[in-house]
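Student: The file below is structure31.csv, CSV, C-alpha atoms and all ligand atoms:
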```
chain,number,residue,atom,x,y,z
A,1,MET,CA,111.8,130.0,103.0
A,2,ARG,CA,109.6,126.9,102.8
A,3,ILE,CA,108.7,125.8,99.3
A,4,GLY,CA,105.6,123.7,98.7
A,5,VAL,CA,104.8,121.9,95.5
A,6,ASP,CA,101.4,120.5,94.7
A,7,LEU,CA,101.8,117.8,92.0
A,8,GLY,CA,98.3,117.5,90.6
A,9,GLY,CA,97.1,115.5,87.7
A,10,THR,CA,96.5,118.6,85.5
A,11,LYS,CA,98.7,121.3,87.1
A,12,ILE,CA,101.8,121.7,89.1
A,13,GLU,CA,101.7,124.6,91.6
A,14,ALA,CA,104.5,125.9,93.8
A,15,VAL,CA,104.6,128.5,96.5
A,16,GLY,CA,107.4,129.9,98.7
A,17,LEU,CA,106.2,130.8,102.2
A,18,ASP,CA,108.1,132.9,104.7
A,19,ARG,CA,108.3,132.1,108.4
A,20,GLU,CA,104.8,133.6,109.1
A,21,GLY,CA,103.2,131.8,106.2
A,22,ARG,CA,103.1,134.8,103.8
A,23,THR,CA,103.4,134.0,100.1
A,24,LEU,CA,106.7,135.2,98.7
A,25,ALA,CA,106.3,133.7,95.2
A,26,ARG,CA,103.9,131.5,93.4
A,27,VAL,CA,104.2,129.5,90.1
A,28,ARG,CA,101.8,127.3,88.2
A,29,ARG,CA,102.1,125.2,85.1
A,30,ALA,CA,100.5,122.3,83.3
A,31,THR,CA,101.5,118.8,84.4
A,32,PRO,CA,103.3,116.9,81.6
A,33,ARG,CA,100.9,114.0,81.7
A,34,ASP,CA,102.1,110.5,81.1
A,35,ASP,CA,105.8,111.6,81.0
A,36,TYR,CA,107.7,110.9,84.1
A,37,ASP,CA,111.0,112.6,83.2
A,38,ALA,CA,109.2,115.7,82.0
A,39,THR,CA,107.3,115.7,85.3
A,40,LEU,CA,110.6,115.7,87.2
A,41,ASP,CA,111.9,118.5,85.0
A,42,ALA,CA,108.7,120.5,85.7
A,43,ILE,CA,109.0,120.2,89.4
A,44,ALA,CA,112.7,121.1,89.4
A,45,SER,CA,112.0,124.1,87.3
A,46,VAL,CA,109.1,125.5,89.4
A,47,VAL,CA,111.3,125.2,92.5
A,48,GLY,CA,114.1,127.1,90.6
A,49,GLU,CA,111.6,129.8,89.6
A,50,ILE,CA,110.4,130.3,93.2
A,51,GLU,CA,114.0,130.5,94.4
A,52,GLY,CA,114.9,132.9,91.6
A,53,SER,CA,112.1,135.3,92.4
A,54,ALA,CA,112.4,135.1,96.2
A,55,GLY,CA,116.2,135.4,96.0
A,56,SER,CA,116.8,132.6,98.5
A,57,ARG,CA,117.0,128.8,98.8
A,58,GLY,CA,114.3,126.9,100.5
A,59,THR,CA,113.2,123.6,102.0
A,60,VAL,CA,111.0,121.6,99.6
A,61,GLY,CA,107.9,119.6,100.4
A,62,VAL,CA,105.8,117.9,97.8
A,63,GLY,CA,102.1,117.0,97.9
A,64,MET,CA,101.1,114.3,95.5
A,65,PRO,CA,98.3,112.0,94.6
A,66,GLY,CA,98.9,108.6,96.2
A,67,ALA,CA,101.8,107.9,98.6
A,68,LEU,CA,105.3,106.7,98.8
A,69,SER,CA,105.4,103.0,99.9
A,70,ARG,CA,107.3,102.7,103.1
A,71,ALA,CA,108.4,99.3,102.1
A,72,THR,CA,109.8,100.1,98.6
A,73,GLY,CA,110.1,103.9,98.5
A,74,ARG,CA,108.1,103.8,95.3
A,75,VAL,CA,104.9,105.7,94.4
A,76,LYS,CA,101.7,103.7,94.9
A,77,ASN,CA,97.9,104.4,94.7
A,78,SER,CA,98.4,107.5,92.5
A,79,ASN,CA,95.7,108.3,90.0
A,80,SER,CA,98.5,110.1,88.1
A,81,THR,CA,99.3,106.6,87.0
A,82,TRP,CA,102.7,107.4,85.3
A,83,LEU,CA,104.1,108.0,88.8
A,84,ASN,CA,103.2,104.6,90.1
A,85,GLY,CA,106.2,102.3,90.8
A,86,ARG,CA,108.6,105.2,90.3
A,87,THR,CA,111.3,106.2,92.8
A,88,LEU,CA,110.1,109.8,92.9
A,89,ALA,CA,111.8,110.8,96.1
A,90,GLU,CA,115.2,109.5,95.1
A,91,ASP,CA,115.0,111.0,91.6
A,92,LEU,CA,113.8,114.4,92.7
A,93,GLU,CA,116.3,114.7,95.6
A,94,GLY,CA,119.0,113.9,93.0
A,95,ARG,CA,117.9,116.7,90.7
A,96,LEU,CA,117.4,119.3,93.5
A,97,GLY,CA,120.4,118.3,95.6
A,98,ARG,CA,118.6,118.2,98.9
A,99,SER,CA,116.4,116.2,101.1
A,100,ILE,CA,112.7,116.5,100.2
A,101,ARG,CA,109.6,115.6,102.1
A,102,PHE,CA,106.5,114.0,100.4
A,103,ALA,CA,102.9,113.6,101.5
A,104,ASN,CA,99.6,112.6,100.1
A,105,ASP,CA,97.7,115.6,98.9
A,106,ALA,CA,94.8,115.1,101.3
A,107,ASN,CA,97.3,115.0,104.1
A,108,CYS,CA,98.8,118.2,102.9
A,109,PHE,CA,95.3,119.8,102.9
A,110,ALA,CA,94.7,118.7,106.5
A,111,LEU,CA,98.1,120.0,107.6
A,112,SER,CA,97.6,123.4,105.9
A,113,GLU,CA,94.2,123.9,107.6
A,114,ALA,CA,95.6,122.6,111.0
A,115,VAL,CA,98.7,124.9,110.9
A,116,ASP,CA,97.1,128.3,110.1
A,117,GLY,CA,93.7,127.6,108.5
A,118,ALA,CA,90.2,126.8,109.6
A,119,ALA,CA,91.5,124.3,112.2
A,120,ALA,CA,94.4,126.4,113.5
A,121,GLY,CA,95.2,125.5,117.1
A,122,ALA,CA,93.2,122.2,117.2
A,123,GLY,CA,94.9,119.1,118.6
A,124,ALA,CA,93.3,116.6,116.3
A,125,VAL,CA,92.1,117.4,112.8
A,126,PHE,CA,90.5,115.2,110.2
A,127,GLY,CA,90.7,116.8,106.7
A,128,VAL,CA,88.3,115.5,104.0
A,129,ILE,CA,88.6,116.0,100.3
A,130,LEU,CA,85.2,115.7,98.6
A,131,GLY,CA,85.7,115.9,94.9
A,132,THR,CA,86.0,113.3,92.2
A,133,GLY,CA,87.0,111.0,95.0
A,134,THR,CA,86.7,111.0,98.8
A,135,GLY,CA,90.1,111.2,100.5
A,136,GLY,CA,91.1,112.1,104.0
A,137,GLY,CA,94.1,113.0,106.1
A,138,LEU,CA,94.9,113.1,109.8
A,139,VAL,CA,96.9,115.7,111.7
A,140,PHE,CA,97.6,115.2,115.4
A,141,GLY,CA,99.5,118.0,117.3
A,142,GLY,CA,100.4,119.8,114.1
A,143,ARG,CA,101.9,116.7,112.4
A,144,ILE,CA,100.6,114.4,109.8
A,145,TRP,CA,99.8,110.8,110.9
A,146,THR,CA,100.7,108.6,108.0
A,147,GLY,CA,100.7,105.1,109.4
A,148,PRO,CA,102.8,102.1,108.4
A,149,ASN,CA,100.8,101.5,105.2
A,150,ALA,CA,100.7,105.2,104.4
A,151,ILE,CA,96.9,105.1,104.2
A,152,ALA,CA,95.8,106.8,107.5
A,153,GLY,CA,92.6,108.8,106.9
A,154,GLU,CA,91.6,106.9,103.8
A,155,TRP,CA,88.0,106.6,105.0
A,156,GLY,CA,86.6,106.8,101.5
A,157,HIS,CA,87.1,103.1,101.0
A,158,ASN,CA,85.4,102.0,104.1
A,159,PRO,CA,81.8,100.9,103.6
A,160,LEU,CA,79.0,103.4,104.1
A,161,PRO,CA,78.0,102.7,107.8
A,162,TRP,CA,74.6,101.7,108.9
A,163,PRO,CA,73.4,101.1,105.4
A,164,ARG,CA,69.7,101.0,104.5
A,165,ASP,CA,68.3,98.1,102.4
A,166,ASP,CA,68.4,100.2,99.2
A,167,GLU,CA,72.1,101.1,99.8
A,168,ARG,CA,73.2,97.5,99.8
A,169,PRO,CA,75.4,96.2,98.3
A,170,GLY,CA,75.9,99.7,96.9
A,171,PRO,CA,77.6,100.9,93.7
A,172,PRO,CA,80.8,99.2,92.6
A,173,CYS,CA,83.9,101.1,93.4
A,174,TYR,CA,87.2,101.2,91.3
A,175,CYS,CA,89.0,99.7,94.3
A,176,GLY,CA,87.2,96.4,93.7
A,177,LEU,CA,84.7,96.5,96.5
A,178,SER,CA,81.1,97.8,96.5
A,179,GLY,CA,79.3,100.4,98.7
A,180,CYS,CA,82.4,102.4,99.6
A,181,ILE,CA,81.8,105.8,101.2
A,182,GLU,CA,83.4,107.3,98.1
A,183,THR,CA,80.7,105.9,95.8
A,184,PHE,CA,78.0,107.8,97.8
A,185,LEU,CA,79.8,111.0,98.9
A,186,SER,CA,82.0,112.0,96.0
A,187,GLY,CA,80.8,114.4,93.2
A,188,PRO,CA,80.3,111.5,90.8
A,189,GLY,CA,78.6,109.6,93.7
A,190,LEU,CA,76.1,112.4,94.3
A,191,SER,CA,75.4,112.6,90.6
A,192,ARG,CA,74.8,108.8,90.3
A,193,ASP,CA,72.4,108.9,93.3
A,194,HIS,CA,70.5,111.7,91.7
A,195,ARG,CA,70.2,109.8,88.4
A,196,ARG,CA,69.1,106.7,90.2
A,197,ALA,CA,66.4,108.6,92.1
A,198,THR,CA,65.1,110.8,89.3
A,199,GLY,CA,66.5,109.6,85.9
A,200,GLN,CA,68.2,113.0,85.4
A,201,ALA,CA,71.8,113.0,84.5
A,202,LEU,CA,73.3,116.1,86.2
A,203,ASP,CA,76.7,116.8,87.7
A,204,ALA,CA,77.1,117.8,91.3
A,205,ALA,CA,77.3,121.6,90.5
A,206,GLU,CA,74.1,121.5,88.6
A,207,ILE,CA,72.3,119.6,91.3
A,208,ALA,CA,73.5,122.2,93.9
A,209,SER,CA,72.4,125.0,91.6
A,210,ARG,CA,68.9,123.5,91.1
A,211,ALA,CA,68.6,122.9,94.9
A,212,ALA,CA,69.5,126.5,95.5
A,213,GLY,CA,66.6,127.4,93.2
A,214,GLY,CA,64.2,125.3,95.2
A,215,ASP,CA,64.0,122.2,93.0
A,216,PRO,CA,62.5,119.5,95.2
A,217,LEU,CA,64.2,116.6,93.5
A,218,ALA,CA,67.7,118.2,93.8
A,219,LEU,CA,66.9,119.2,97.5
A,220,ALA,CA,66.0,115.6,98.2
A,221,THR,CA,69.3,114.4,96.7
A,222,LEU,CA,71.3,116.8,98.8
A,223,GLY,CA,69.3,115.7,101.9
A,224,ARG,CA,70.3,112.0,101.2
A,225,HIS,CA,73.9,113.1,100.7
A,226,GLU,CA,74.0,115.0,104.0
A,227,GLU,CA,72.5,112.1,105.9
A,228,ARG,CA,75.0,109.7,104.5
A,229,MET,CA,77.8,112.1,105.3
A,230,ALA,CA,76.6,112.4,108.8
A,231,ARG,CA,76.7,108.6,109.2
A,232,ALA,CA,80.2,108.4,107.6
A,233,LEU,CA,81.6,111.1,109.8
A,234,ALA,CA,79.9,109.7,112.9
A,235,SER,CA,82.0,106.6,112.4
A,236,VAL,CA,85.2,108.8,112.2
A,237,ILE,CA,84.2,110.6,115.4
A,238,ASN,CA,83.6,107.4,117.2
A,239,LEU,CA,87.0,106.1,116.2
A,240,LEU,CA,89.2,109.3,116.4
A,241,ASP,CA,87.1,112.0,118.2
A,242,PRO,CA,88.8,114.8,116.3
A,243,ASP,CA,88.4,118.4,117.5
A,244,VAL,CA,87.7,119.7,114.0
A,245,ILE,CA,86.7,118.1,110.7
A,246,VAL,CA,87.5,120.4,107.8
A,247,LEU,CA,86.1,119.8,104.3
A,248,GLY,CA,87.9,120.5,101.1
A,249,GLY,CA,87.5,119.7,97.4
A,250,GLY,CA,84.7,120.9,95.1
A,251,LEU,CA,81.8,119.7,97.3
A,252,SER,CA,83.1,121.7,100.2
A,253,ASN,CA,81.5,124.7,98.5
A,254,LEU,CA,78.1,123.3,99.5
A,255,ASP,CA,77.4,125.7,102.4
A,256,ARG,CA,74.4,123.7,103.6
A,257,LEU,CA,76.7,120.9,104.8
A,258,TYR,CA,78.2,122.9,107.7
A,259,ALA,CA,74.8,123.6,109.2
A,260,ARG,CA,73.0,120.4,108.5
A,261,VAL,CA,75.4,117.5,108.9
A,262,PRO,CA,76.2,118.4,112.6
A,263,THR,CA,72.5,118.4,113.4
A,264,LEU,CA,72.3,114.8,112.0
A,265,TRP,CA,75.4,113.0,113.1
A,266,GLY,CA,74.4,112.9,116.8
A,267,ALA,CA,72.1,109.9,116.0
A,268,TRP,CA,75.2,107.7,115.4
A,269,VAL,CA,77.9,109.2,117.6
A,270,PHE,CA,78.3,107.2,120.8
A,271,SER,CA,78.0,110.3,123.1
A,272,ASP,CA,75.3,112.3,124.8
A,273,ARG,CA,76.6,115.4,122.9
A,274,VAL,CA,78.9,116.1,120.0
A,275,ASP,CA,81.2,119.2,120.2
A,276,THR,CA,83.2,118.3,117.1
A,277,ARG,CA,83.3,121.3,114.7
A,278,LEU,CA,82.6,120.8,111.0
A,279,VAL,CA,84.2,123.7,109.1
A,280,ALA,CA,84.9,125.0,105.6
A,281,PRO,CA,88.5,125.4,104.5
A,282,LYS,CA,90.3,128.7,105.0
A,283,HIS,CA,92.9,128.4,102.3
A,284,GLY,CA,90.6,126.7,99.7
A,285,ASP,CA,92.5,125.6,96.6
A,286,SER,CA,95.8,126.8,98.1
A,287,SER,CA,95.6,124.3,101.0
A,288,GLY,CA,97.4,121.6,99.1
A,289,VAL,CA,100.4,123.6,98.2
A,290,ARG,CA,100.6,125.4,101.6
A,291,GLY,CA,100.5,122.1,103.4
A,292,ALA,CA,103.3,120.7,101.3
A,293,ALA,CA,105.4,123.7,102.4
A,294,TRP,CA,104.6,123.1,106.0
A,295,LEU,CA,106.0,119.5,105.8
A,296,TRP,CA,109.1,121.3,107.1
A,297,GLY,CA,108.2,122.5,110.5
A,298,PRO,CA,109.2,125.5,112.6
A,299,GLY,CA,113.0,125.6,113.0
A,300,GLU,CA,113.7,123.0,110.3
A,301,GLY,CA,115.5,123.5,107.1
A,401,ZN,ZN,86.4,101.7,97.2
```
Starting from the coordinates I provided, produce the structure as structure tokens.

Tutor:
Amino acid sequence: MRIGVDLGGTKIEAVGLDREGRTLARVRRATPRDDYDATLDAIASVVGEIEGSAGSRGTVGVGMPGALSRATGRVKNSNSTWLNGRTLAEDLEGRLGRSIRFANDANCFALSEAVDGAAAGAGAVFGVILGTGTGGGLVFGGRIWTGPNAIAGEWGHNPLPWPRDDERPGPPCYCGLSGCIETFLSGPGLSRDHRRATGQALDAAEIASRAAGGDPLALATLGRHEERMARALASVINLLDPDVIVLGGGLSNLDRLYARVPTLWGAWVFSDRVDTRLVAPKHGDSSGVRGAAWLWGPGEG
């Protein structure tokens, strides 16, 4: 059995998958925020519950916000800030008495969709999380590409490419720079752009719902968002030329993206035609936890 744990900021979810990817058991509980030791306890206990209900021991993979620094082994870049600077791998391996694999949650999402999801069988997959932030992960040949800085795929903090005059310098980003892709494409970025254009303070879901009802202001905001996404993804295609780009996170529910963005990105892709597929996720909210389980490949563990 492969056990995947998705360590989120608000909930910890675990699944046990059999060899074919079928779910044997699933457990979910609230994350003990701001309490590192209680977080370790909670992860150990969900693994124990999965093993108890499946009746067997499993390999364990953990998807987490942020990454483990290759240099220090400590957590970095996590918005679950009580994990930052902690020796999570060492501490959890001690509690569970086995070797554990860790990956960033966007990487787990990309892996899940590449193994048996919307990008199954594709050689190169770029997975994008469009939610409160804009993360990304790369899978080549069924394996996550992490990179020496553990930031491969973090396109959200590149600048929005081919900016127009009214997009410069762009909104300030929490990373310290301005005009990052995330400040335009994330849910809060979409909301901010709508407010700037119309004076209306609406969240992304409300803008989408008004657009579906034909509201011209909301439709214009989604149009700007799609055109910016086309530019941002064109720069990814020019660099990596993935077979499939799969979207996840809350904004991946915007069905219009899959039809419209591929009609726009050709203007910036350095090719006479673009055969890259832009697809919706197959496993939805379960992709993070499934990808964590697949950190142990076929024949391992
Ligand atoms: Zn940034």

Student: Give me the residues within 10 Å of A:Glu51 as a VMD selection string, counting all atoms listed in the file and dropping any in the same chain fewer than 3 places off.

Tutor: chain A and resid 1 3 15 to 16 24 to 25 45 to 48 54 to 58

Student: Do a neighbour search on A:Pro281 at 7 Å with only C-alpha atoms, toss out local chain neighbours closer than 3 positions, and write the hits as JSON, numbers by chain.

Tutor: {"A": [113, 117, 118, 246, 247, 248, 284]}

Student: Please identify all protein, DNA and RNA residues within 7 Å of ligand ZN 401 (chain A), counting all atoms listed in the file, and report them as a PyMOL selection string.

Tutor: chain A and resi 156-158+173-178+180+182

Student: Write out as a list in words the residues lying within 9 Å of A:Ala150, counting all atoms listed in the file and excluding same-chain residues fewer than 6 positions away.

Tutor: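 Counting all atoms listed in the file, the residues come to Ala67, Leu68, Ser69, Arg70 and Asn104 of chain A.
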
Student: What gap, in Å, lies between atom CA of A:Trp296 and atom CA of A:Asn107?

Tutor: 13.7 Å

Student: For A:Leu185, which of A:Glu226, A:Glu154, A:Asp203, A:Glu167 is the closest residue, counting all atoms listed in the file?

Tutor: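 For A:Leu185, the nearest of the given residues is A:Glu226.
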
Student: Have a look at atom CA of A:Leu278 and atom CA of A:Phe126 and let me know their distance in Å, one decimal.

Tutor: 9.7 Å

Student: One decimal, in Å: what's the spacing between atom CA of A:Gly153 and atom CA of A:Val128?

Tutor: 8.5 Å

Student: For the point (86.8, 112.9, 98.4) in the file's frame, write as a list in words all residues with an atom no more than 8 Å away, counting only C-alpha atoms.

Tutor: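 The distance filter leaves exactly Val128, Ile129, Leu130, Gly131, Thr132, Gly133, Thr134, Gly135, Gly136, Gly156, Glu182, Leu185, Ser186 and Gly249 of chain A.
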
Student: Could you check which of A:Glu206, A:Ala293, A:Glu20, A:Val244 is closest to A:Asp275, using all atoms listed in the file?

Tutor: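 Among the listed residues, A:Val244 lies closest to A:Asp275.
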
Student: Can you pull out the residues contacting A:Ala204? Cut-off 7 Å, using only C-alpha atoms, and skip same-chain residues under 5 positions away; I want them as a list of chain:residue names.

Tutor: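 So, after excluding close chain neighbours, the residues are A:Gly187, A:Leu190, A:Ser191.
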
Student: Which residue, A:Ser209, A:Gly63, A:Gly142, A:Ser53, has the smallest gap to A:Phe109 when you use only C-alpha atoms?

Tutor: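 Checking each candidate against A:Phe109, we get A:Gly63 as the closest.
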
Student: Looking at A:Ala212, A:Ala114, A:Val62, A:Leu222, which one is nearest to A:Ala197, with distances taken over all atoms listed in the file?

Tutor: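 The shortest atom-to-atom distance to A:Ala197 comes from A:Leu222.
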
Student: Around the point (97.3, 129.2, 97.9), in the coordinates given by the file, pick out the residues reaching within 9 Å, counting only C-alpha atoms, and return them as JSON, numbers by chain.

Tutor: {"A": [13, 14, 15, 23, 26, 283, 284, 285, 286, 287, 288, 289, 290]}

Student: When distances are computed from all atoms listed in the file, which of A:Gly223, A:Gly250, A:Gly266, A:Gly66 shows the smallest separation from A:Ala152?

Tutor: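 Counting all atoms listed in the file, the residue closest to A:Ala152 is A:Gly66.
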
Student: Excluding A:Ala218 and any residue of its chain fewer than 4 positions from it, enumerate the residues within 8 Å of it, using only C-alpha atoms, and give them as a list in words.

Tutor: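 In the requested format, the answer is His194, Ile207, Ala208, Arg210, Ala211 and Leu222 of chain A.
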